[in-house]
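S.K.: First the structure, then my questions, so here it is.
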Amino acid sequence: MNQKELFAEHLRSAMEQKQMKQVDLVHAADQAGLKVGKSHISQYVSGKTLPRADIAHFLADTLEVEEEWLLGDASKEDFFEPKIDRSSLTDNKKPPVRHFSKSSKLDNVLYDVRGPVVDEANRMERDGTNILKLNIGNPAPFGFRTPDEVIYDMRHQLTDCEGYSPSQGLFAARKAIMQYAQLKHLPNVDIDSIYTGNGVSELINLSMSALLDDGDEILIPSPDYPLWTACATLAGGTAVHYICDEQSDWYPDMEDIKKKINHRTKAIVLINPNNPTGALYPREVLQQIVDIAREHQLIIFSDEIYDRLVMDGEEHVSIASLAPDLFCVTFSGLSKSHMIAGFRIGWMILSGNKAVAKDYIEGLNMLSNMRLCSNVPAQAVVQTALGGHQSVNDYIVPGGRIYEQREYVYKALCDIPGISAVKPKAAFYIFPKIDTKKFNITNDEQFALDLLREKKLLIVHGSGFNWKEPDHFRVVYLPRIEVLEDAMGKLGEFLEYYRQ
Ligand SMILES: Cc1ncc(COP(=O)(O)O)c(C=O)c1O
């Protein structure tokens, strides 16, 4: 191990021992008057660089360890232990306490929707600060209640849901999903083509783990819902990001997709309607993606969890309906449209040409069996939720909360000098652009942290969605208009003086 790696290992173990996260060190450095950014700390932690003398001194002091030990000076390795360990030694001959680090498989995994800025918000909340949260697409805390009938039916069936279900899910739940798939014109779907999951999240992970070998590539949008990139990476694959173009209503850039395909590319991921942009892809755009997938024999993964949250009278088209000759996997669930994100129920539907994916489907079945089944009480309400009156429809028309909140937030953002945005057509997110020259912004995570510390307002920076430039952020417009007014007022005030 070289000195940088040794330093990184000691730093990680001292941080764990002190229960300090990277953002805590950034914050502590700030208070100590030192300029140490998140990127510095993450370089140290991953063994890429050694700190300057003053920063090394600060780190050792803050983490209460010997500086020489921390720096991983190999010649001192035998002589220095972390100060923190000494107290736990009753007998000088005992070896130093062993520390456990996370798997290196997680080194390149990013999930900033609940990342360091959120850690800082949690710390501030613990200290008693009230934070205005526009960071997470969780309808319930914003007063979006589950339809009563869903609750009645879950209560009614609870005692029948004590055991495991078949691993792919209860027959009745899958039948209801199958009928939904028929309404969306998904071809070649039978009951065995449907898998329920503990949210779409579990199935994204499962579908990536079953597919990707080291070196396999998968096309994922930028910006993306970062779980896709995280799970592809964790599975050993390489996420290759294709651009969604803000100038064209955030539609995927076909030329960029074509440029990025090679013999290692196995699949393309689509998020439609999109998180974080709120875009909805029209049939012509979907057709172009199908044509590319057909030419290069790619699997299409389509995340359609917002398919029932579409505004302005637009229709959501499932891409799988346009590709009967290709193998497609379509994801959806009840977290967003039925406001039961906490119940954890989602599904994936295999459609089209399943013959080409026989072996992959075996892998899916294996992983599905290994997790036994998804949450059974939540499966029990799928039939109720998908049938009858859809209360979400009242939210997405003029006068409905999601519609009116979108109207408000879009206008309010565009009225702030230096901010522009494409009006979202679906879901409940907007992904505005910041004029980085005007505000001299080079680090969007720093922008999010500064906004949080100064205005107690929590948003997610664009790079949290695998967006490469520091010029965007995401706003969740689920809060009521009064709360959004407060938030937009604070953002406007902040941007009157903020310069990075
Ligand atoms: C595009 C997208 N896919 C999947 C999920 C996860 O949904 P679930 O609650 O079903 O796990 C989210 C949650 O925000 C999302 O935005």
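The chains in the structure tokens are called A, B, ... from first to last as shown; in each chain the residues are counted from 1, and the ligands are counted from 1 in the order shown.
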List all protein, DNA and RNA residues that have any atom at most 10 Å from ligand 1, counting only C-alpha atoms and all ligand atoms, and write the list as a ChimeraX atom specification.
M.R.: /A:113,136-138,197-204,224-228,270-276,302-306,331-336,339-347,427-429
S.K.: From the DSSP assignment of the backbone, select every residue of range 278-311 of chain A that is helix (DSSP H, G or I), and format the answer as a compact mmCIF listing (two decimals) with C-alpha atoms, in the first residue's frame.
M.R.:
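Contents of part32.txt, freshly written:
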# COMPACT_ATOMS: atom_id res chain seq x y z
CA ARG A 283 -44.30 9.07 -29.67
CA GLU A 284 -41.87 10.32 -32.38
CA VAL A 285 -39.02 10.57 -29.89
CA LEU A 286 -39.78 7.10 -28.52
CA GLN A 287 -39.90 5.73 -32.06
CA GLN A 288 -36.40 7.06 -32.76
CA ILE A 289 -35.09 5.34 -29.63
CA VAL A 290 -36.78 2.10 -30.67
CA ASP A 291 -35.11 2.38 -34.09
CA ILE A 292 -31.69 2.78 -32.50
CA ALA A 293 -32.31 -0.09 -30.06
CA ARG A 294 -33.46 -2.28 -32.95
CA GLU A 295 -30.41 -1.48 -35.07
CA HIS A 296 -28.00 -2.27 -32.25
S.K.: Go through A:His338, A:Pro166, A:Met370, A:Gln157 and flag the residue nearest Asn393 in chain A, using only C-alpha atoms for the distances.
M.R.: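 Among the listed residues, the smallest separation from Asn393 in chain A belongs to A:His338.
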S.K.: Env of Ser374 in chain A: 8 Å cut, atoms = only C-alpha atoms, seq-sep filter 3 positions within chain, self excluded. Answer as a list in words.
M.R.: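 Skipping anything fewer than 3 positions along the chain leaves Ser165, Ser167, Gln168, Gly169, Thr196, Gly197, Asn198, Ile345, Arg371 and Gln379 of chain A.
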S.K.: Identify, with DSSP run on backbone atoms, the residues in range 214-388 of chain A assigned to strand (DSSP E or B), and express the list as a PyMOL selection string.
M.R.: chain A and resi 217-222+238-245+251-252+265-271+299-303+310+327-333+346-352
S.K.: Using N, CA and C atoms, can you write the selected residues to a file as a tab-separated table (two decimals), in the first residue's frame?
M.R.:
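Heads up, here's the output in part.tsv:
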chain	number	residue	atom	x	y	z
A	217	GLU	N	-21.56	-2.20	-20.93
A	217	GLU	CA	-22.00	-0.80	-20.88
A	217	GLU	C	-23.51	-0.70	-21.01
A	218	ILE	N	-24.04	0.30	-20.36
A	218	ILE	CA	-25.49	0.55	-20.45
A	218	ILE	C	-25.69	2.06	-20.60
A	219	LEU	N	-26.54	2.44	-21.52
A	219	LEU	CA	-26.80	3.86	-21.76
A	219	LEU	C	-27.85	4.35	-20.76
A	220	ILE	N	-27.50	5.42	-20.07
A	220	ILE	CA	-28.39	5.99	-19.03
A	220	ILE	C	-28.47	7.49	-19.29
A	221	PRO	N	-29.66	8.09	-19.12
A	221	PRO	CA	-29.76	9.52	-19.43
A	221	PRO	C	-28.97	10.39	-18.45
A	222	SER	N	-28.57	11.54	-18.95
A	222	SER	CA	-28.01	12.58	-18.08
A	222	SER	C	-28.80	13.85	-18.37
A	238	THR	N	-20.73	-0.41	-16.66
A	238	THR	CA	-20.31	0.98	-16.84
A	238	THR	C	-21.51	1.77	-17.36
A	239	ALA	N	-21.90	2.77	-16.58
A	239	ALA	CA	-23.00	3.64	-17.00
A	239	ALA	C	-22.43	4.65	-17.98
A	240	VAL	N	-22.95	4.65	-19.20
A	240	VAL	CA	-22.52	5.63	-20.19
A	240	VAL	C	-23.68	6.61	-20.35
A	241	HIS	N	-23.41	7.88	-20.04
A	241	HIS	CA	-24.53	8.83	-20.01
A	241	HIS	C	-24.77	9.48	-21.36
A	242	TYR	N	-26.01	9.44	-21.81
A	242	TYR	CA	-26.37	10.19	-23.01
A	242	TYR	C	-27.10	11.46	-22.57
A	243	ILE	N	-26.91	12.49	-23.40
A	243	ILE	CA	-27.42	13.81	-23.03
A	243	ILE	C	-28.91	13.93	-23.33
A	244	CYS	N	-29.63	14.49	-22.39
A	244	CYS	CA	-30.98	14.96	-22.69
A	244	CYS	C	-30.84	16.47	-22.88
A	245	ASP	N	-31.44	16.98	-23.93
A	245	ASP	CA	-31.12	18.32	-24.39
A	245	ASP	C	-32.16	19.33	-23.91
A	251	TYR	N	-35.51	16.41	-24.36
A	251	TYR	CA	-35.61	15.10	-25.02
A	251	TYR	C	-34.21	14.50	-25.19
A	252	PRO	N	-34.12	13.17	-25.24
A	252	PRO	CA	-32.82	12.54	-25.46
A	252	PRO	C	-32.21	12.98	-26.80
A	265	THR	N	-22.18	-2.31	-25.50
A	265	THR	CA	-23.44	-1.72	-25.03
A	265	THR	C	-24.55	-2.77	-25.04
A	266	LYS	N	-25.16	-3.00	-23.88
A	266	LYS	CA	-26.19	-4.04	-23.80
A	266	LYS	C	-27.61	-3.48	-23.79
A	267	ALA	N	-27.76	-2.27	-23.29
A	267	ALA	CA	-29.12	-1.80	-23.05
A	267	ALA	C	-29.18	-0.28	-23.01
A	268	ILE	N	-30.38	0.24	-23.10
A	268	ILE	CA	-30.60	1.68	-22.93
A	268	ILE	C	-31.70	1.88	-21.90
A	269	VAL	N	-31.48	2.83	-21.00
A	269	VAL	CA	-32.47	3.16	-19.97
A	269	VAL	C	-33.16	4.46	-20.37
A	270	LEU	N	-34.46	4.47	-20.16
A	270	LEU	CA	-35.26	5.66	-20.44
A	270	LEU	C	-36.04	5.98	-19.17
A	271	ILE	N	-36.12	7.24	-18.83
A	271	ILE	CA	-36.97	7.60	-17.68
A	271	ILE	C	-38.03	8.54	-18.24
A	299	ILE	N	-31.45	-4.01	-25.18
A	299	ILE	CA	-32.64	-4.13	-24.32
A	299	ILE	C	-33.09	-2.71	-23.98
A	300	ILE	N	-34.40	-2.50	-23.90
A	300	ILE	CA	-34.91	-1.20	-23.45
A	300	ILE	C	-35.45	-1.34	-22.03
A	301	PHE	N	-34.89	-0.54	-21.11
A	301	PHE	CA	-35.44	-0.46	-19.75
A	301	PHE	C	-36.17	0.88	-19.65
A	302	SER	N	-37.45	0.86	-19.36
A	302	SER	CA	-38.20	2.11	-19.31
A	302	SER	C	-38.81	2.31	-17.93
A	303	ASP	N	-38.35	3.34	-17.24
A	303	ASP	CA	-38.85	3.65	-15.89
A	303	ASP	C	-40.02	4.62	-16.07
A	310	VAL	N	-49.33	13.03	-15.60
A	310	VAL	CA	-49.07	13.76	-16.84
A	310	VAL	C	-50.11	14.88	-16.98
A	327	PHE	N	-36.78	-6.80	-26.78
A	327	PHE	CA	-37.04	-7.18	-25.39
A	327	PHE	C	-37.06	-5.90	-24.54
A	328	CYS	N	-38.17	-5.68	-23.86
A	328	CYS	CA	-38.33	-4.45	-23.07
A	328	CYS	C	-38.69	-4.80	-21.62
A	329	VAL	N	-38.22	-3.97	-20.72
A	329	VAL	CA	-38.62	-4.10	-19.31
A	329	VAL	C	-39.17	-2.74	-18.87
A	330	THR	N	-40.43	-2.75	-18.45
A	330	THR	CA	-41.12	-1.50	-18.09
A	330	THR	C	-41.36	-1.49	-16.57
A	331	PHE	N	-41.03	-0.38	-15.94
A	331	PHE	CA	-41.13	-0.28	-14.48
A	331	PHE	C	-42.21	0.73	-14.10
A	332	SER	N	-43.00	0.39	-13.10
A	332	SER	CA	-43.91	1.38	-12.54
A	332	SER	C	-44.29	0.95	-11.13
A	333	GLY	N	-45.18	1.70	-10.49
A	333	GLY	CA	-45.53	1.36	-9.11
A	333	GLY	C	-46.53	2.34	-8.55
A	346	GLY	N	-43.86	-1.72	-6.15
A	346	GLY	CA	-43.63	-1.37	-7.55
A	346	GLY	C	-43.61	-2.66	-8.35
A	347	TRP	N	-43.44	-2.54	-9.66
A	347	TRP	CA	-43.39	-3.76	-10.47
A	347	TRP	C	-42.56	-3.54	-11.73
A	348	MET	N	-42.16	-4.67	-12.34
A	348	MET	CA	-41.57	-4.57	-13.67
A	348	MET	C	-42.27	-5.59	-14.56
A	349	ILE	N	-42.38	-5.21	-15.83
A	349	ILE	CA	-43.11	-6.03	-16.80
A	349	ILE	C	-42.17	-6.35	-17.97
A	350	LEU	N	-41.99	-7.63	-18.23
A	350	LEU	CA	-41.19	-8.03	-19.39
A	350	LEU	C	-42.12	-8.12	-20.59
A	351	SER	N	-41.69	-7.58	-21.72
A	351	SER	CA	-42.58	-7.64	-22.89
A	351	SER	C	-41.78	-7.80	-24.16
A	352	GLY	N	-42.53	-8.04	-25.26
A	352	GLY	CA	-41.89	-8.12	-26.57
A	352	GLY	C	-41.20	-9.46	-26.78
S.K.: So that I can check the surroundings of range 440-448 of chain A, please list as a PyMOL selection string every protein, DNA and RNA residue that reaches within 12 Å of it, counting only C-alpha atoms and ignoring chain neighbours fewer than 4 positions away.
M.R.: chain A and resi 23+26-27+30+35-39+112-113+115-118+120-121+133-135+418+433-436+452-475+491+494-495+497-500
S.K.: What separation in Å, quoted to one decimal, exists between CA of Gly215 in chain A and CA of Asn262 in chain A?
M.R.: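 Calculated distance between CA of Gly215 in chain A and CA of Asn262 in chain A is 11.8 Å.
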S.K.: Can you list, as a list in words, every protein, DNA or RNA residue that comes within 8 Å of Met154 in chain A when you count only C-alpha atoms, leaving out same-chain residues fewer than 6 positions away?
M.R.: Pro377, Ala378, Ala380 and Val381 of chain A
S.K.: Between A:Glu125, A:Glu485, A:Leu280, A:Asn2, which residue has the minimum interatomic distance to Ser318 in chain A, considering only C-alpha atoms?
M.R.: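 Nearest to Ser318 in chain A: A:Leu280.
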S.K.: Looking at only C-alpha atoms, which of A:Glu404, A:Glu496, A:Asp192, A:Glu5 is the one that sits closest to Lys354 in chain A?
M.R.: A:Asp192
S.K.: With distances taken over only C-alpha atoms, which residue among A:Ile319, A:Leu367, A:Ala60, A:Met254 lies nearest Ala181 in chain A?
M.R.: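 Ranking A:Ile319, A:Leu367, A:Ala60, A:Met254 by distance to Ala181 in chain A, first place goes to A:Ile319.
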